[in-house]
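File shown here: start34.txt, holding compact mmCIF, C-alpha atoms.
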```txt
# COMPACT_ATOMS: atom_id res chain seq x y z
CA MET A 188 -17.42 170.91 202.77
CA ALA A 189 -16.52 174.25 204.24
CA PRO A 190 -13.38 173.14 206.06
CA GLN A 191 -12.03 171.60 202.88
CA ARG A 192 -12.74 174.77 201.01
CA ALA A 193 -10.93 176.86 203.57
CA VAL A 194 -7.93 174.57 203.39
CA ARG A 195 -7.95 174.70 199.64
CA ASP A 196 -8.19 178.47 199.63
CA ALA A 197 -5.21 178.63 201.97
CA MET A 198 -3.30 176.44 199.54
CA LEU A 199 -4.14 178.63 196.60
CA ALA A 200 -3.15 181.76 198.44
CA ALA A 201 0.28 180.30 199.14
CA VAL A 202 1.04 179.37 195.54
CA PRO A 203 2.70 182.57 194.25
CA SER A 204 5.10 182.69 197.15
CA LEU A 205 5.66 178.95 196.93
CA ARG A 206 6.60 179.38 193.30
CA ALA A 207 9.03 182.17 194.07
CA PHE A 208 10.68 179.92 196.65
CA ALA A 209 10.83 177.09 194.13
CA ILE A 210 12.56 179.34 191.62
CA SER A 211 15.06 180.43 194.22
CA LEU A 212 15.81 176.80 195.04
CA SER A 213 15.99 175.36 191.57
CA ARG A 214 17.15 178.48 189.76
CA ASN A 215 15.21 177.32 186.80
CA ASN A 216 11.67 178.39 186.04
CA ASP A 217 10.54 175.19 184.37
CA ARG A 218 11.89 173.02 187.11
CA ALA A 219 10.37 175.33 189.68
CA ASP A 220 6.97 175.01 188.10
CA ASP A 221 7.26 171.24 188.08
CA LEU A 222 8.14 171.38 191.75
CA VAL A 223 5.16 173.55 192.55
CA GLN A 224 2.88 171.29 190.57
CA GLU A 225 4.09 168.16 192.30
CA THR A 226 3.93 169.85 195.68
CA LEU A 227 0.31 170.84 195.16
CA MET A 228 -0.64 167.36 194.00
CA ARG A 229 1.03 165.75 196.97
CA ALA A 230 -0.36 168.24 199.41
CA TRP A 231 -3.85 167.75 198.10
CA ALA A 232 -3.49 163.97 198.17
CA HIS A 233 -2.33 164.17 201.79
CA ILE A 234 -4.51 167.01 202.87
CA ASP A 235 -5.74 164.95 205.80
CA SER A 236 -2.32 165.19 207.35
CA PHE A 237 -2.49 168.96 207.41
CA GLU A 238 -3.43 170.21 210.84
CA PRO A 239 -6.04 172.93 210.56
CA GLY A 240 -4.95 176.08 212.28
CA THR A 241 -1.29 175.57 211.49
CA ASN A 242 0.59 177.47 208.84
CA MET A 243 -0.40 176.23 205.39
CA SER A 244 2.44 178.07 203.69
CA ALA A 245 5.01 176.48 205.97
CA TRP A 246 3.51 173.06 205.30
CA LEU A 247 3.66 173.54 201.53
CA PHE A 248 7.15 175.00 201.65
CA THR A 249 8.29 171.99 203.64
CA ILE A 250 6.83 169.56 201.12
CA LEU A 251 8.37 171.45 198.23
CA ARG A 252 11.75 171.69 199.86
CA ASN A 253 11.78 167.98 200.63
CA LEU A 254 10.83 167.20 197.07
CA PHE A 255 13.60 169.38 195.78
CA ARG A 256 16.16 167.94 198.13
CA SER A 257 15.25 164.34 197.48
CA GLU A 258 14.85 164.41 193.75
CA TYR A 259 15.53 167.50 191.79
CA ARG A 260 18.76 168.54 193.29
CA LYS A 261 20.49 165.23 192.68
CA ARG A 262 19.01 164.90 189.26
CA HIS A 263 20.20 168.26 188.05
CA ARG A 264 23.40 168.83 189.91
CA GLU A 265 25.61 167.64 187.10
CA VAL A 266 24.03 170.00 184.66
CA GLU A 267 24.38 172.96 186.99
CA ASP A 268 27.97 172.17 187.79
CA ALA A 269 28.80 171.79 184.15
CA THR A 270 27.39 175.12 183.14
CA GLY A 271 28.19 177.06 186.26
CA ALA A 272 25.18 179.08 185.27
CA TYR A 273 23.80 179.91 188.69
CA THR A 274 23.99 183.59 188.02
CA GLU A 275 22.57 183.35 184.56
CA SER A 276 19.56 181.37 185.63
CA LEU A 277 18.92 183.78 188.45
CA THR A 278 18.97 186.72 186.15
CA SER A 279 16.41 185.00 184.01
CA LEU A 280 13.85 185.25 186.78
CA PRO A 281 10.61 186.42 185.26
CA GLY A 282 9.42 189.93 185.71
CA GLN A 283 12.83 191.35 186.35
CA SER A 284 13.31 195.02 185.98
CA GLY A 285 16.19 196.53 184.12
CA ASN A 286 17.42 197.92 187.40
CA LEU A 287 21.17 197.51 187.55
CA GLU A 288 21.20 197.45 191.32
CA LEU A 289 18.78 194.54 191.38
CA GLN A 290 20.70 192.71 188.70
CA GLU A 291 23.83 192.97 190.77
CA PHE A 292 21.95 191.82 193.81
CA ARG A 293 20.58 188.85 191.90
CA ALA A 294 24.05 187.88 190.78
CA ALA A 295 25.38 188.14 194.31
CA LEU A 296 22.48 186.09 195.61
CA GLY A 297 23.42 183.40 193.13
CA THR A 298 26.88 183.11 194.62
CA LEU A 299 25.61 182.28 198.10
CA PRO A 300 25.83 178.71 199.33
CA ASP A 301 22.47 176.99 198.90
CA ASP A 302 21.70 176.73 202.58
CA GLN A 303 22.42 180.40 203.19
CA ARG A 304 20.38 181.62 200.26
CA GLU A 305 17.50 179.40 201.27
CA ALA A 306 17.50 180.68 204.84
CA LEU A 307 17.78 184.29 203.73
CA ILE A 308 14.86 183.97 201.35
CA LEU A 309 12.62 182.17 203.80
CA VAL A 310 13.17 184.78 206.50
CA GLY A 311 13.85 187.88 204.47
CA ALA A 312 11.42 187.47 201.60
CA SER A 313 8.91 184.68 202.20
CA GLY A 314 8.00 186.18 205.53
CA PHE A 315 8.61 183.22 207.81
CA SER A 316 9.84 183.58 211.34
CA TYR A 317 13.18 182.04 212.18
CA GLU A 318 11.31 179.30 213.97
CA GLU A 319 9.14 178.51 210.97
CA ALA A 320 12.14 178.58 208.65
CA ALA A 321 13.93 176.16 210.96
CA LYS A 322 11.00 173.76 210.80
CA ILE A 323 10.86 174.01 207.02
CA CYS A 324 14.57 173.28 206.74
CA GLY A 325 14.59 170.69 209.49
CA CYS A 326 17.31 172.36 211.48
CA ALA A 327 17.79 174.38 214.66
CA VAL A 328 16.61 177.96 214.96
CA GLY A 329 20.15 179.02 215.72
CA THR A 330 21.34 177.42 212.51
CA ILE A 331 18.88 179.45 210.49
CA LYS A 332 19.95 182.63 212.23
CA SER A 333 23.55 181.85 211.58
CA ARG A 334 22.90 181.17 207.90
CA VAL A 335 20.88 184.34 207.46
CA ASN A 336 23.57 186.30 209.15
CA ARG A 337 26.34 184.88 207.05
CA ALA A 338 24.29 185.42 203.92
CA ARG A 339 23.83 189.08 204.79
CA GLY A 340 27.52 189.49 205.42
CA ARG A 341 28.46 187.84 202.15
CA LEU A 342 26.01 189.91 200.18
CA ALA A 343 27.20 193.13 201.74
CA ARG A 344 30.79 192.27 200.90
CA ALA A 345 29.96 191.09 197.40
CA LEU A 346 28.05 194.26 196.67
CA GLU A 347 30.57 196.39 198.51
CA ILE A 348 27.80 198.13 200.35
CA SER A 349 29.08 200.50 202.96
CA PRO A 350 27.11 202.41 205.58
CA GLY A 351 28.12 205.69 204.02
CA GLU A 352 25.77 205.26 201.10
CA ASP A 353 22.34 206.71 201.00
CA PHE A 354 19.93 203.88 201.60
CA GLY A 355 16.79 205.70 202.52
CA PRO A 356 16.10 203.10 205.17
CA ASP A 357 12.71 202.50 206.61
CA ASN A 358 11.59 200.19 209.33
CA GLU A 359 9.83 197.75 207.08
CA THR A 360 12.73 196.97 204.84
CA LEU A 361 15.01 196.91 207.80
CA ALA A 362 12.73 194.43 209.49
CA ALA A 363 12.67 192.26 206.41
CA ILE A 364 16.24 191.26 206.62
CA ALA A 365 17.35 192.28 210.06
CA PRO A 366 14.56 190.90 212.16
CA THR A 367 16.25 191.46 215.47
CA THR A 368 19.66 192.83 216.10
CA GLU A 369 19.16 193.59 219.74
CA THR A 370 21.79 192.23 221.99
CA LYS A 371 21.82 192.08 225.70
CA MET B 204 13.44 196.89 216.93
CA THR B 205 10.24 197.16 218.82
CA SER B 206 10.34 196.65 222.50
CA ASN B 207 7.87 193.78 222.62
CA GLY B 208 9.95 191.66 220.32
CA LYS B 209 7.39 191.63 217.54
CA LEU B 210 7.67 193.20 214.19
CA GLN B 211 4.97 194.46 211.95
CA SER B 212 3.88 192.89 208.75
CA SER B 213 4.04 194.76 205.51
CA GLY B 214 2.50 194.15 202.16
CA GLY B 215 0.80 191.03 203.40
CA LEU B 216 4.06 189.48 204.43
CA VAL B 217 4.79 188.93 208.04
CA VAL B 218 8.38 189.88 208.35
CA GLY B 219 10.97 189.13 210.89
CA GLU B 220 10.80 187.71 214.31
CA THR B 221 7.58 186.61 215.85
CA GLN B 222 6.92 185.47 219.32
CA GLN B 223 9.57 182.92 220.04
CA GLY B 224 12.24 183.46 222.62
CA TRP B 225 15.93 183.25 222.17
CA ASP B 226 18.20 180.37 222.90
CA ASP B 227 21.56 181.17 224.31
CA GLU B 228 23.34 179.94 221.21
CA GLU B 229 21.44 182.39 219.09
CA PHE B 230 22.92 185.51 220.54
CA VAL B 231 26.32 184.83 219.08
CA VAL B 232 25.09 184.91 215.52
CA LEU B 233 22.93 188.00 215.61
CA ASP B 234 25.47 190.64 214.88
CA ALA B 235 26.92 190.40 211.40
CA GLY B 236 28.69 193.67 211.97
CA LEU B 237 26.47 195.26 209.37
CA ASP B 238 25.10 198.73 209.60
CA HIS B 239 21.33 198.75 209.82
CA ARG B 240 21.18 200.76 206.62
CA VAL B 241 23.18 198.08 204.83
CA GLN B 242 20.78 195.46 206.09
CA ALA B 243 17.87 197.63 205.05
CA ARG B 244 19.16 197.86 201.53
CA LEU B 245 19.77 194.12 201.33
CA GLY B 246 16.26 193.50 202.59
CA ARG B 247 14.75 195.91 200.14
CA GLU B 248 16.51 194.39 197.16
CA LEU B 249 15.84 190.81 198.20
CA ARG B 250 12.17 191.50 198.55
CA ALA B 251 12.04 193.42 195.30
CA ILE B 252 13.35 190.37 193.46
CA TYR B 253 11.03 188.04 195.29
CA GLU B 254 7.98 190.21 194.78
CA ASN B 255 8.73 190.36 191.06
CA VAL B 256 8.25 186.62 190.95
CA VAL B 257 5.30 186.52 193.32
CA SER B 258 3.42 189.02 191.20
CA ASP B 259 4.18 187.11 188.02
CA PRO B 260 1.17 185.46 186.36
CA LEU B 261 1.01 181.75 187.14
CA PRO B 262 1.96 179.43 184.28
CA ASP B 263 -0.94 177.68 182.62
CA HIS B 264 -0.26 174.22 183.94
CA ILE B 265 -0.14 175.43 187.51
CA ALA B 266 -3.30 177.37 187.00
CA SER B 267 -4.92 174.20 185.70
CA ILE B 268 -3.84 172.30 188.78
CA LEU B 269 -5.47 174.94 190.88
CA HIS B 270 -8.57 174.58 188.82
CA GLN B 271 -8.59 170.85 189.56
CA LEU B 272 -8.42 171.63 193.23
CA ASP B 273 -11.49 173.71 192.71
CA GLN B 274 -13.45 170.51 192.16
CA PRO B 275 -14.79 168.85 195.28
CA PRO B 276 -12.32 166.32 196.69
CA LYS B 277 -13.08 162.70 196.02
CA GLY B 278 -15.58 161.17 198.32
CA SER B 279 -17.20 164.34 199.48
```
Kindly transcribe the structure held in the file into structure tokens.
Amino acid sequence: MAPQRAVRDAMLAAVPSLRAFAISLSRNNDRADDLVQETLMRAWAHIDSFEPGTNMSAWLFTILRNLFRSEYRKRHREVEDATGAYTESLTSLPGQSGNLELQEFRAALGTLPDDQREALILVGASGFSYEEAAKICGCAVGTIKSRVNRARGRLARALEISPGEDFGPDNETLAAIAPTTETK
Amino acid sequence: MTSNGKLQSSGGLVVGETQQGWDDEEFVVLDAGLDHRVQARLGRELRAIYENVVSDPLPDHIASILHQLDQPPKGS
């Protein structure tokens, strides 16, 4: 049926980004892939509960996040705490370049509190609006904004980035992480 | 930012704020005291890391799941 096919295609299109989000959550590629797999199975099994016309990515991200929160995080917390290997697992992200700047960024990202890193990635990398990110995380829009903001501040301090450096800014990258800084 | 409150998408990703309005509580958290260029650099690096993963080939078992989804759903 055509509608089913469209829904399925939307699911498939979301998978690479879903996987990147899973890796950022679990900080472990194997676990991330398990999460993605289970998310896809569940989503497909409950595809009738997806409302056509709504954001498929947001729906899948929500399922994956709930899975992670309910199962994986508890299951693996002891291991992570024991090794303290947040940074290490982050730097093992596939496809990484040898770029020192990015390696430092990755390490700094790994030091963020989970909720801040999650919010930053959803808004700054996955391309969700604050409102969508809030729905995915089940919290208020203002909470997401606050987390993103604090994450940015922490990263800037951790990386000792100062405005004097040459950033070669452009509007797109600016928009990626600083969606709106207008104040009244 | 643009005057209509919307931001452009880039590279297939819709970035930033979309159409929703602001709640009062949200204004207090907007200014991290960061220079726009600092934020630009953070955004650039974050997305570089993310895109590295997004562009990674899918592992075999995920690809096989996707292949299963290619089959018609049960009952149709």
- prompt: At what distance in Å, to one decimal, does CA of Val223 (chain A) lie from CA of Asp263 (chain B)?
  reply: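 CA of Asp263 (chain B) sits 12.4 Å away from CA of Val223 (chain A).
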query: Between CA of Ala209 (chain A) and CA of Leu261 (chain B), what is the distance, to one decimal in Å?
result: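 About the pair CA of Ala209 (chain A) and CA of Leu261 (chain B): they are 12.9 Å apart.
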task: Find the residue from A:Glu225, A:Glu347, A:Glu288, A:Asp196 that sits nearest to Arg252 (chain A); use all atoms listed in the file when measuring.
output: A:Glu225
- request: Could you please determine the separation between CA of Pro300 (chain A) and CA of Leu237 (chain B) in Å, to one decimal place?
  value: 19.4 Å
field: Contacts of Cys324 (chain A) at 10 Å (only C-alpha atoms; same-chain gap of 2+ positions) as a ChimeraX atom specification
entry: /A:248-249,252-253,302,305-306,309,318-322,326-328,330-331
- request: Could you please give me, as a VMD selection string, the residues of protein, DNA or RNA lying at most 9 Å from (27.3, 192.5, 196.5) in the coordinate frame of the file, considering all atoms listed in the file?
  value: chain A and resid 291 to 296 341 to 348
